[in-house]
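> Take this structure first; my questions come after.
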Number of protein chains: 2
Amino acid sequence: MSTHRYDLIVIGSGPAGEKGAAQAAYFGKKVAMVERDYYLGGAAASTTIPSKALRETALALSGIRSRRLYGVDLSLRRQATIQDFLHHEEVMKDTERRRVADNMLRHNVDIFRGIGSFKDQHTVKVTSRDRKPKFLEGDVILIATGSSPRWPDNFPRDHHIYDSDTILRIKDLPTNMIIVGGGVVGCEYSCVFAALGIEVFLLQSQDILLPFLDRDISLTLQKSMSRMGIALKMPVTVRRCTARTKGVIIELDSDEVIKADTVMLATGRTSNTTELNLEHAGITLGRHGFLVVNVNYQVVHPETHEPVLGIYAAGDVIGPPALASTSMEQARFAIIKAFDLEPYKKHVAPVLPYGIYTIPECSGVGKTEEQCVSKGIDYVVGKASYNQNARGMITGDHDGFLKLLFKFNEDPRSPMKLLGVHVIGETATELIHTGLSALMMGASSDLFINTCFNYPTLTELYKYATYDAMGRRAKRLNSD
Amino acid sequence: MSTHRYDLIVIGSGPAGEKGAAQAAYFGKKVAMVERDYYLGGAAASTTIPSKALRETALALSGIRSRRLYGVDLSLRRQATIQDFLHHEEVMKDTERRRVADNMLRHNVDIFRGIGSFKDQHTVKVTSRDRKPKFLEGDVILIATGSSPRWPDNFPRDHHIYDSDTILRIKDLPTNMIIVGGGVVGCEYSCVFAALGIEVFLLQSQDILLPFLDRDISLTLQKSMSRMGIALKMPVTVRRCTARTKGVIIELDSDEVIKADTVMLATGRTSNTTELNLEHAGITLGRHGFLVVNVNYQVVHPETHEPVLGIYAAGDVIGPPALASTSMEQARFAIIKAFDLEPYKKHVAPVLPYGIYTIPECSGVGKTEEQCVSKGIDYVVGKASYNQNARGMITGDHDGFLKLLFKFNEDPRSPMKLLGVHVIGETATELIHTGLSALMMGASSDLFINTCFNYPTLTELYKYATYDAMGRRAKRLNSD
């Protein structure tokens, strides 16, 4: 039995695994990566990027982006075929997988294909069908095995029922579709399929979509989705799901019955830990089967919070927010901590944005209005809408808006500290970053007042939302 | 003779006039606005917004944005008609004019239609064809009369020859077109008309397009434009231009002769001052006919720099950069200074971005690499390209890139101060603002290293360009 020695062993090659491995290798560490799939890239390559590419294709084919732009209707919806976007998806997937492989090669990371499991706290066993097991010994082990869609018990395994991993392998566009779950995945796919001309029923168990969003954003999205023709049913619970030869029947707790060609489950994800043999490393799983970590992303015991020597975890496997963006940051930070590479990066990003690729896009960072209320923070809102903005007018997005939250300051000539930024509308996921930089640097209202923004751009909305907030403060001071 | 008294009189209702008037009115000043046109809004409404709308239309009709996105070719170029975008243009223009009028109404600004001229240093005479003159007296007068296209002597006045104001009134798309001038206007229109399928010849007198840009950006744009089929001729000088019944013949200094259906002049602009009767207010024009102002945007004598009491100027009328964005800031700042409204806004934005709506877009702020070299600043470059970025891959923009310039710092663990940000590619004019906020706050490389960006977004390029700069610094330190 030969054993290979490494400074770092990374299990999983998705966003967390890739960035963790690259970070360590950049600082001269000897790194091994274990990946069970034939391809590298994990969820980002297989589902995140293809689903965003599908969204772009749907937007282009449906003409949504240009519909209000001029007299001509560019809508080619009728010609939309699944082949159009499958082609694009394959290209994207290949490119991303190749990019990850190139990145690992450039960083001299050794790739081991097979299932990684713990032999002991410092040894990973790699098993694959066609080769005999290999053993890797590492000072540090980073678990980045990701997650898999959760399949609720009351849904049969049937070829009309997809989850968020298998949906991208669908062969023909159905006429109609039931999407179960009003979280990020459910909302994103509802919009994409509706844009492709499919009749969509979206079932959500709570009384609002995406409950973690600022309520203003969430309610505006809901309105947009309804206007696109998505039939929102909420709050509802699925009592029974029955598969038939030509489709699926869902019966709700309200006795309502919905029939459709296809069902897509967007009912959460579970950590990929079953094959890791965690007990050999003395690791105990926490609630919902997530790995529990401390502020340094070192794995700890869920009750005693005792750290497990040399073992770190990042990404979906440790639970929410389970975004590619945060997963990459967690992994980079874990490596800095594991190898004591400070002060290169002193802390994991203190404010984390979310970007949701619905139609329209939503994005936010910092406090929501609801959080300000519940925490007793005295705040002032400032809003500016796309339809008062030259660029918004040009692109024809009439519903989008930017919402800023500032800490109330009773001196009318003093700037107000920025607390939160929320955007819904075209390129919201990019626009948020001007506010994110501002939050990262502890900026106040004077930053946006003093900045000269390009004209015509959507980012100008920051200035007008700030003016709006100042006007609201003045009004409040006058009425006090 | 009745005289109306005001705190502020604004001459001109373009971006500078509108924002100056609104700023003063917001602080309770009594404001009059004089506008010679029937409509409010000036250049922004009549040319800036319509030209950007035309660009969107050209992009949509040509399918450039989606061409590489999937197997299907959405190109509808053959069906592109001038009516398609004229319709869109009219809608935009009306909306913007209405927006300005609403804004003035909301701020209780009195509108006077007619030509404004000085009777004396505090009195503006408003004359119009159908009414008798009115006289407005003001403590402060803001000149915001804008500029008009410059028509070189060697071009005849002919219906085949347009300038940047009249081009938007063209009735039929020509087969080919000569555009004279490789500045912002010339480059923007060259791209739009090329995207609409018109054969474009672009004549530039210098040996590079847009010489004020970072050279990397300028050369990449040049390559893109050539690839679009634009025939760049530079450096060239027009010797003679002759109009014929069915088109125009241009003879260059090199003896080369170019024939085309249409010519568009993009040969600079001149200040609109001839009807102001500046001598009645004791104002002398500076070089190139621009009004000269001091740091507070108060009009001064071009030689003695003696300020003219109570008279301010902003926007195109004072010369470069003559962008809507900077014009608005200048006017706001002039009003703050004129009425001593500090500390509401302590200084005009210290860093001014430029946004150029070519295809692809270009944008920049802070130092260019050439400026660093000429000022002897020791710098480090960091680059990241769209084709290594997930979002860039999805949108299919392969040539775009972000370039950051940092001040060299020999301690490898210390952050490097950000000096400049340059972008070419899809939504460059929006992307720049994350770097702009950073520059405004004096940020360093650690900001981008510590920020968690949404995935997949183009703004992530900031992180990767920063990594690139750190890698280049490390290489340089190792080789020293």
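Here, A, B, ... name the chains of the structure tokens in the order displayed, residue numbers run from 1 inside each chain, and ligands are numbered from 1 in the same displayed order.
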With DSSP run on the backbone, what are the alpha helix (DSSP H) residues within segment 159-276 of chain A? I'd like them as a count of residues only.
25
> Give me the residues within 8 Å of Tyr354 of chain B as a list in words, counting only C-alpha atoms and dropping any in the same chain fewer than 6 places off.
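Final neighbour list, sorted by chain and number: Asn454 of chain A; Leu323, Ser363, Gly364, Val365 and Thr429 of chain B.
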> Among segment 40-197 of chain B, which residues does DSSP mark as strand (DSSP E) when it is run on the backbone? Keep the chain and numbering as in the structure and answer as a tab-separated table (two decimals) with all heavy atoms, in the first residue's frame.

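The result, written out as out.tsv:
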chain	number	residue	atom	x	y	z
B	110	ASP	N	-39.96	78.23	-12.44
B	110	ASP	CA	-40.71	78.92	-13.50
B	110	ASP	C	-39.98	78.79	-14.83
B	110	ASP	O	-38.78	79.05	-14.89
B	110	ASP	CB	-40.87	80.41	-13.16
B	110	ASP	CG	-41.77	80.62	-11.96
B	110	ASP	OD1	-42.52	79.67	-11.60
B	110	ASP	OD2	-41.73	81.71	-11.36
B	111	ILE	N	-40.71	78.37	-15.86
B	111	ILE	CA	-40.09	78.18	-17.17
B	111	ILE	C	-40.41	79.38	-18.07
B	111	ILE	O	-41.57	79.78	-18.18
B	111	ILE	CB	-40.65	76.90	-17.85
B	111	ILE	CG1	-40.55	75.69	-16.91
B	111	ILE	CG2	-39.94	76.65	-19.19
B	111	ILE	CD1	-39.18	75.19	-16.65
B	112	PHE	N	-39.38	79.94	-18.69
B	112	PHE	CA	-39.56	81.02	-19.67
B	112	PHE	C	-39.04	80.54	-21.01
B	112	PHE	O	-37.87	80.19	-21.13
B	112	PHE	CB	-38.81	82.28	-19.22
B	112	PHE	CG	-39.37	82.89	-17.97
B	112	PHE	CD1	-38.96	82.46	-16.72
B	112	PHE	CD2	-40.36	83.88	-18.06
B	112	PHE	CE1	-39.51	83.01	-15.56
B	112	PHE	CE2	-40.90	84.44	-16.90
B	112	PHE	CZ	-40.48	84.00	-15.65
B	113	ARG	N	-39.93	80.54	-22.02
B	113	ARG	CA	-39.49	80.07	-23.32
B	113	ARG	C	-39.02	81.24	-24.17
B	113	ARG	O	-39.74	82.22	-24.32
B	113	ARG	CB	-40.62	79.31	-24.02
B	113	ARG	CG	-40.88	78.00	-23.31
B	113	ARG	CD	-41.88	77.10	-24.00
B	113	ARG	NE	-42.42	76.16	-23.03
B	113	ARG	CZ	-41.84	74.98	-22.75
B	113	ARG	NH1	-40.77	74.60	-23.39
B	113	ARG	NH2	-42.37	74.20	-21.84
B	115	ILE	N	-35.16	83.13	-26.14
B	115	ILE	CA	-33.71	83.22	-26.13
B	115	ILE	C	-33.28	84.11	-24.96
B	115	ILE	O	-33.77	85.24	-24.83
B	115	ILE	CB	-33.19	83.80	-27.46
B	115	ILE	CG1	-33.50	82.78	-28.58
B	115	ILE	CG2	-31.71	84.11	-27.40
B	115	ILE	CD1	-33.29	83.33	-29.97
B	116	GLY	N	-32.41	83.59	-24.11
B	116	GLY	CA	-31.93	84.36	-22.97
B	116	GLY	C	-30.65	85.10	-23.33
B	116	GLY	O	-29.76	84.54	-23.96
B	117	SER	N	-30.60	86.40	-22.98
B	117	SER	CA	-29.36	87.15	-23.19
B	117	SER	C	-29.18	88.12	-22.03
B	117	SER	O	-30.15	88.48	-21.34
B	117	SER	CB	-29.40	87.90	-24.51
B	117	SER	OG	-30.47	88.84	-24.49
B	118	PHE	N	-27.94	88.53	-21.81
B	118	PHE	CA	-27.68	89.43	-20.69
B	118	PHE	C	-28.06	90.86	-21.05
B	118	PHE	O	-27.67	91.36	-22.11
B	118	PHE	CB	-26.20	89.39	-20.30
B	118	PHE	CG	-25.83	88.16	-19.53
B	118	PHE	CD1	-25.28	87.06	-20.17
B	118	PHE	CD2	-26.07	88.09	-18.16
B	118	PHE	CE1	-24.95	85.92	-19.46
B	118	PHE	CE2	-25.74	86.95	-17.45
B	118	PHE	CZ	-25.18	85.86	-18.10
B	119	LYS	N	-28.83	91.51	-20.14
B	119	LYS	CA	-29.04	92.95	-20.26
B	119	LYS	C	-27.95	93.63	-19.44
B	119	LYS	O	-27.34	94.60	-19.86
B	119	LYS	CB	-30.43	93.32	-19.72
B	119	LYS	CG	-30.75	94.80	-19.77
B	119	LYS	CD	-32.23	95.04	-19.46
B	119	LYS	CE	-32.50	96.51	-19.20
B	119	LYS	NZ	-32.15	96.92	-17.83
B	120	ASP	N	-27.72	93.08	-18.26
B	120	ASP	CA	-26.57	93.48	-17.46
B	120	ASP	C	-26.19	92.27	-16.60
B	120	ASP	O	-26.73	91.18	-16.79
B	120	ASP	CB	-26.89	94.71	-16.59
B	120	ASP	CG	-28.07	94.46	-15.67
B	120	ASP	OD1	-28.12	93.40	-15.00
B	120	ASP	OD2	-29.00	95.31	-15.62
B	123	THR	N	-29.33	90.80	-14.94
B	123	THR	CA	-30.61	90.78	-15.64
B	123	THR	C	-30.52	90.00	-16.95
B	123	THR	O	-29.62	90.22	-17.77
B	123	THR	CB	-31.09	92.22	-15.94
B	123	THR	OG1	-30.92	93.02	-14.76
B	123	THR	CG2	-32.55	92.23	-16.36
B	124	VAL	N	-31.47	89.07	-17.10
B	124	VAL	CA	-31.55	88.28	-18.33
B	124	VAL	C	-32.79	88.70	-19.10
B	124	VAL	O	-33.89	88.80	-18.52
B	124	VAL	CB	-31.60	86.78	-18.02
B	124	VAL	CG1	-31.89	85.96	-19.27
B	124	VAL	CG2	-30.29	86.33	-17.38
B	125	LYS	N	-32.60	88.98	-20.38
B	125	LYS	CA	-33.71	89.35	-21.25
B	125	LYS	C	-34.14	88.09	-21.99
B	125	LYS	O	-33.30	87.37	-22.55
B	125	LYS	CB	-33.21	90.41	-22.24
B	125	LYS	CG	-34.23	90.90	-23.25
B	125	LYS	CD	-33.55	91.90	-24.19
B	125	LYS	CE	-34.49	92.32	-25.31
B	125	LYS	NZ	-33.78	93.15	-26.31
B	126	VAL	N	-35.46	87.82	-21.98
B	126	VAL	CA	-35.96	86.63	-22.69
B	126	VAL	C	-36.77	87.09	-23.89
B	126	VAL	O	-37.79	87.77	-23.73
B	126	VAL	CB	-36.84	85.76	-21.77
B	126	VAL	CG1	-37.28	84.48	-22.49
B	126	VAL	CG2	-36.11	85.42	-20.47
B	127	THR	N	-36.30	86.75	-25.08
B	127	THR	CA	-37.02	87.17	-26.30
B	127	THR	C	-37.53	85.95	-27.05
B	127	THR	O	-36.85	84.95	-27.18
B	127	THR	CB	-36.09	87.96	-27.24
B	127	THR	OG1	-34.84	87.28	-27.31
B	127	THR	CG2	-35.87	89.36	-26.76
B	128	SER	N	-38.78	86.09	-27.54
B	128	SER	CA	-39.29	85.02	-28.40
B	128	SER	C	-40.07	85.69	-29.53
B	128	SER	O	-40.47	86.85	-29.42
B	128	SER	CB	-40.18	84.07	-27.60
B	128	SER	OG	-41.27	84.78	-27.06
B	131	ARG	N	-43.87	86.86	-28.54
B	131	ARG	CA	-44.21	87.64	-27.35
B	131	ARG	C	-43.23	88.79	-27.16
B	131	ARG	O	-42.11	88.73	-27.67
B	131	ARG	CB	-44.20	86.75	-26.10
B	131	ARG	CG	-45.53	86.05	-25.86
B	131	ARG	CD	-45.34	84.88	-24.93
B	131	ARG	NE	-44.41	83.89	-25.50
B	131	ARG	CZ	-44.16	82.71	-24.96
B	131	ARG	NH1	-44.75	82.36	-23.84
B	131	ARG	NH2	-43.31	81.87	-25.53
B	132	LYS	N	-43.63	89.76	-26.36
B	132	LYS	CA	-42.68	90.84	-26.11
B	132	LYS	C	-41.67	90.41	-25.04
B	132	LYS	O	-41.98	89.52	-24.23
B	132	LYS	CB	-43.41	92.13	-25.71
B	132	LYS	CG	-44.23	92.04	-24.45
B	132	LYS	CD	-44.85	93.39	-24.13
B	132	LYS	CE	-45.53	93.32	-22.77
B	132	LYS	NZ	-46.28	94.48	-22.39
B	133	PRO	N	-40.48	90.99	-25.09
B	133	PRO	CA	-39.40	90.54	-24.19
B	133	PRO	C	-39.79	90.59	-22.72
B	133	PRO	O	-40.59	91.44	-22.31
B	133	PRO	CB	-38.27	91.53	-24.46
B	133	PRO	CG	-38.61	92.24	-25.70
B	133	PRO	CD	-40.07	92.16	-25.90
B	134	LYS	N	-39.24	89.65	-21.97
B	134	LYS	CA	-39.40	89.67	-20.51
B	134	LYS	C	-38.04	89.88	-19.89
B	134	LYS	O	-37.01	89.50	-20.46
B	134	LYS	CB	-39.97	88.34	-20.03
B	134	LYS	CG	-41.46	88.24	-20.26
B	134	LYS	CD	-42.01	86.93	-19.73
B	134	LYS	CE	-43.49	86.86	-20.01
B	134	LYS	NZ	-43.92	85.50	-20.33
B	135	PHE	N	-38.03	90.45	-18.71
B	135	PHE	CA	-36.76	90.70	-18.03
B	135	PHE	C	-36.76	89.99	-16.67
B	135	PHE	O	-37.70	90.12	-15.89
B	135	PHE	CB	-36.52	92.20	-17.86
B	135	PHE	CG	-36.29	92.88	-19.17
B	135	PHE	CD1	-37.36	93.36	-19.92
B	135	PHE	CD2	-34.99	92.98	-19.69
B	135	PHE	CE1	-37.15	93.96	-21.16
B	135	PHE	CE2	-34.79	93.58	-20.94
B	135	PHE	CZ	-35.87	94.06	-21.68
B	136	LEU	N	-35.72	89.20	-16.46
B	136	LEU	CA	-35.60	88.45	-15.20
B	136	LEU	C	-34.37	88.97	-14.46
B	136	LEU	O	-33.30	89.12	-15.05
B	136	LEU	CB	-35.40	86.95	-15.48
B	136	LEU	CG	-36.32	86.31	-16.52
B	136	LEU	CD1	-35.93	84.84	-16.70
B	136	LEU	CD2	-37.78	86.43	-16.09
B	137	GLU	N	-34.56	89.22	-13.17
B	137	GLU	CA	-33.44	89.68	-12.37
B	137	GLU	C	-33.07	88.59	-11.38
B	137	GLU	O	-33.96	88.02	-10.73
B	137	GLU	CB	-33.87	90.93	-11.60
B	137	GLU	CG	-32.83	92.04	-11.62
B	137	GLU	CD	-33.39	93.26	-10.90
B	137	GLU	OE1	-34.07	94.06	-11.58
B	137	GLU	OE2	-33.19	93.37	-9.68
B	138	GLY	N	-31.80	88.28	-11.26
B	138	GLY	CA	-31.40	87.19	-10.37
B	138	GLY	C	-30.13	87.49	-9.61
B	138	GLY	O	-29.24	88.17	-10.12
B	139	ASP	N	-30.03	86.97	-8.38
B	139	ASP	CA	-28.80	87.10	-7.61
B	139	ASP	C	-27.70	86.26	-8.26
B	139	ASP	O	-26.54	86.63	-8.29
B	139	ASP	CB	-29.00	86.60	-6.17
B	139	ASP	CG	-30.01	87.45	-5.42
B	139	ASP	OD1	-30.19	88.62	-5.81
B	139	ASP	OD2	-30.63	86.93	-4.46
B	140	VAL	N	-28.12	85.11	-8.73
B	140	VAL	CA	-27.16	84.19	-9.35
B	140	VAL	C	-27.69	83.80	-10.72
B	140	VAL	O	-28.90	83.58	-10.89
B	140	VAL	CB	-26.96	82.92	-8.48
B	140	VAL	CG1	-26.06	81.92	-9.18
B	140	VAL	CG2	-26.41	83.29	-7.10
B	141	ILE	N	-26.80	83.74	-11.69
B	141	ILE	CA	-27.18	83.28	-13.03
B	141	ILE	C	-26.26	82.12	-13.41
B	141	ILE	O	-25.04	82.21	-13.26
B	141	ILE	CB	-27.07	84.42	-14.06
B	141	ILE	CG1	-28.07	85.53	-13.67
B	141	ILE	CG2	-27.35	83.91	-15.48
B	141	ILE	CD1	-27.95	86.80	-14.50
B	142	LEU	N	-26.89	81.00	-13.82
B	142	LEU	CA	-26.12	79.84	-14.25
B	142	LEU	C	-26.25	79.70	-15.77
B	142	LEU	O	-27.36	79.52	-16.28
B	142	LEU	CB	-26.64	78.57	-13.56
B	142	LEU	CG	-25.97	77.25	-14.00
B	142	LEU	CD1	-24.52	77.18	-13.56
B	142	LEU	CD2	-26.75	76.05	-13.45
B	143	ILE	N	-25.13	79.79	-16.47
B	143	ILE	CA	-25.13	79.62	-17.93
B	143	ILE	C	-24.92	78.14	-18.25
B	143	ILE	O	-23.90	77.56	-17.88
B	143	ILE	CB	-24.02	80.45	-18.59
B	143	ILE	CG1	-24.13	81.93	-18.18
B	143	ILE	CG2	-24.07	80.31	-20.11
B	143	ILE	CD1	-22.97	82.79	-18.69
B	147	SER	N	-23.66	73.21	-26.31
B	147	SER	CA	-22.78	73.35	-27.46
B	147	SER	C	-23.48	72.86	-28.72
B	147	SER	O	-24.54	72.24	-28.65
B	147	SER	CB	-21.50	72.55	-27.24
B	147	SER	OG	-21.82	71.17	-27.18
B	148	SER	N	-22.88	73.19	-29.87
B	148	SER	CA	-23.41	72.75	-31.16
B	148	SER	C	-22.28	72.12	-31.96
B	148	SER	O	-21.12	72.46	-31.76
B	148	SER	CB	-23.96	73.95	-31.94
B	148	SER	OG	-24.97	74.58	-31.20
B	149	PRO	N	-22.65	71.22	-32.88
B	149	PRO	CA	-21.60	70.58	-33.68
B	149	PRO	C	-20.81	71.62	-34.48
B	149	PRO	O	-21.37	72.60	-34.96
B	149	PRO	CB	-22.39	69.68	-34.64
B	149	PRO	CG	-23.70	69.45	-33.97
B	149	PRO	CD	-23.99	70.72	-33.22
B	161	ILE	N	-24.87	65.44	-46.15
B	161	ILE	CA	-23.89	65.60	-45.07
B	161	ILE	C	-24.61	65.97	-43.78
B	161	ILE	O	-25.34	66.95	-43.72
B	161	ILE	CB	-22.83	66.66	-45.44
B	161	ILE	CG1	-22.20	66.29	-46.80
B	161	ILE	CG2	-21.76	66.76	-44.36
B	161	ILE	CD1	-21.13	67.25	-47.28
B	162	TYR	N	-24.40	65.16	-42.77
B	162	TYR	CA	-25.07	65.33	-41.48
B	162	TYR	C	-24.05	65.68	-40.41
B	162	TYR	O	-22.87	65.36	-40.54
B	162	TYR	CB	-25.77	64.04	-41.07
B	162	TYR	CG	-26.88	63.62	-42.00
B	162	TYR	CD1	-26.61	62.88	-43.15
B	162	TYR	CD2	-28.21	63.94	-41.72
B	162	TYR	CE1	-27.64	62.50	-44.00
B	162	TYR	CE2	-29.23	63.57	-42.56
B	162	TYR	CZ	-28.94	62.85	-43.70
B	162	TYR	OH	-29.96	62.46	-44.55
B	163	ASP	N	-24.52	66.29	-39.33
B	163	ASP	CA	-23.67	66.39	-38.14
B	163	ASP	C	-24.32	65.54	-37.05
B	163	ASP	O	-25.34	64.88	-37.28
B	163	ASP	CB	-23.46	67.86	-37.72
B	163	ASP	CG	-24.75	68.56	-37.34
B	163	ASP	OD1	-25.68	67.89	-36.83
B	163	ASP	OD2	-24.84	69.79	-37.55
B	176	ASN	N	-23.79	53.01	-47.49
B	176	ASN	CA	-22.48	53.25	-46.90
B	176	ASN	C	-22.38	54.69	-46.40
B	176	ASN	O	-23.19	55.54	-46.74
B	176	ASN	CB	-21.36	52.93	-47.90
B	176	ASN	CG	-21.66	53.55	-49.26
B	176	ASN	OD1	-22.11	54.69	-49.33
B	176	ASN	ND2	-21.42	52.80	-50.31
B	177	MET	N	-21.39	54.94	-45.59
B	177	MET	CA	-21.32	56.22	-44.87
B	177	MET	C	-19.86	56.50	-44.48
B	177	MET	O	-19.14	55.61	-44.07
B	177	MET	CB	-22.16	56.07	-43.60
B	177	MET	CG	-22.22	57.28	-42.71
B	177	MET	SD	-23.23	56.88	-41.25
B	177	MET	CE	-24.68	57.83	-41.59
B	178	ILE	N	-19.49	57.78	-44.65
B	178	ILE	CA	-18.17	58.20	-44.17
B	178	ILE	C	-18.38	58.98	-42.88
B	178	ILE	O	-19.17	59.92	-42.85
B	178	ILE	CB	-17.45	59.10	-45.19
B	178	ILE	CG1	-17.25	58.35	-46.51
B	178	ILE	CG2	-16.11	59.59	-44.64
B	178	ILE	CD1	-16.81	59.24	-47.67
B	179	ILE	N	-17.73	58.57	-41.81
B	179	ILE	CA	-17.81	59.31	-40.55
B	179	ILE	C	-16.47	60.01	-40.35
B	179	ILE	O	-15.41	59.37	-40.40
B	179	ILE	CB	-18.19	58.39	-39.37
B	179	ILE	CG1	-19.62	57.86	-39.63
B	179	ILE	CG2	-18.09	59.12	-38.03
B	179	ILE	CD1	-20.18	56.97	-38.55
B	180	VAL	N	-16.53	61.32	-40.13
B	180	VAL	CA	-15.30	62.11	-40.00
B	180	VAL	C	-15.08	62.45	-38.53
B	180	VAL	O	-15.90	63.15	-37.91
B	180	VAL	CB	-15.39	63.41	-40.84
B	180	VAL	CG1	-14.05	64.16	-40.78
B	180	VAL	CG2	-15.79	63.10	-42.27
> So, counting only C-alpha atoms, which residue among A:Ala21, A:Val299, A:Ala390, A:Ile49 is closest to Val100 of chain B?
A:Ala390
> Pick out the residues sitting within 12 Å of His422 of chain A, and hand them over as a ChimeraX atom specification; count only C-alpha atoms, and ignore anything fewer than 2 positions along from it in its own chain.
/A:212-218,220,353-356,361-369,381-385,400-405,418-420,424-425,428-436,461-462,465
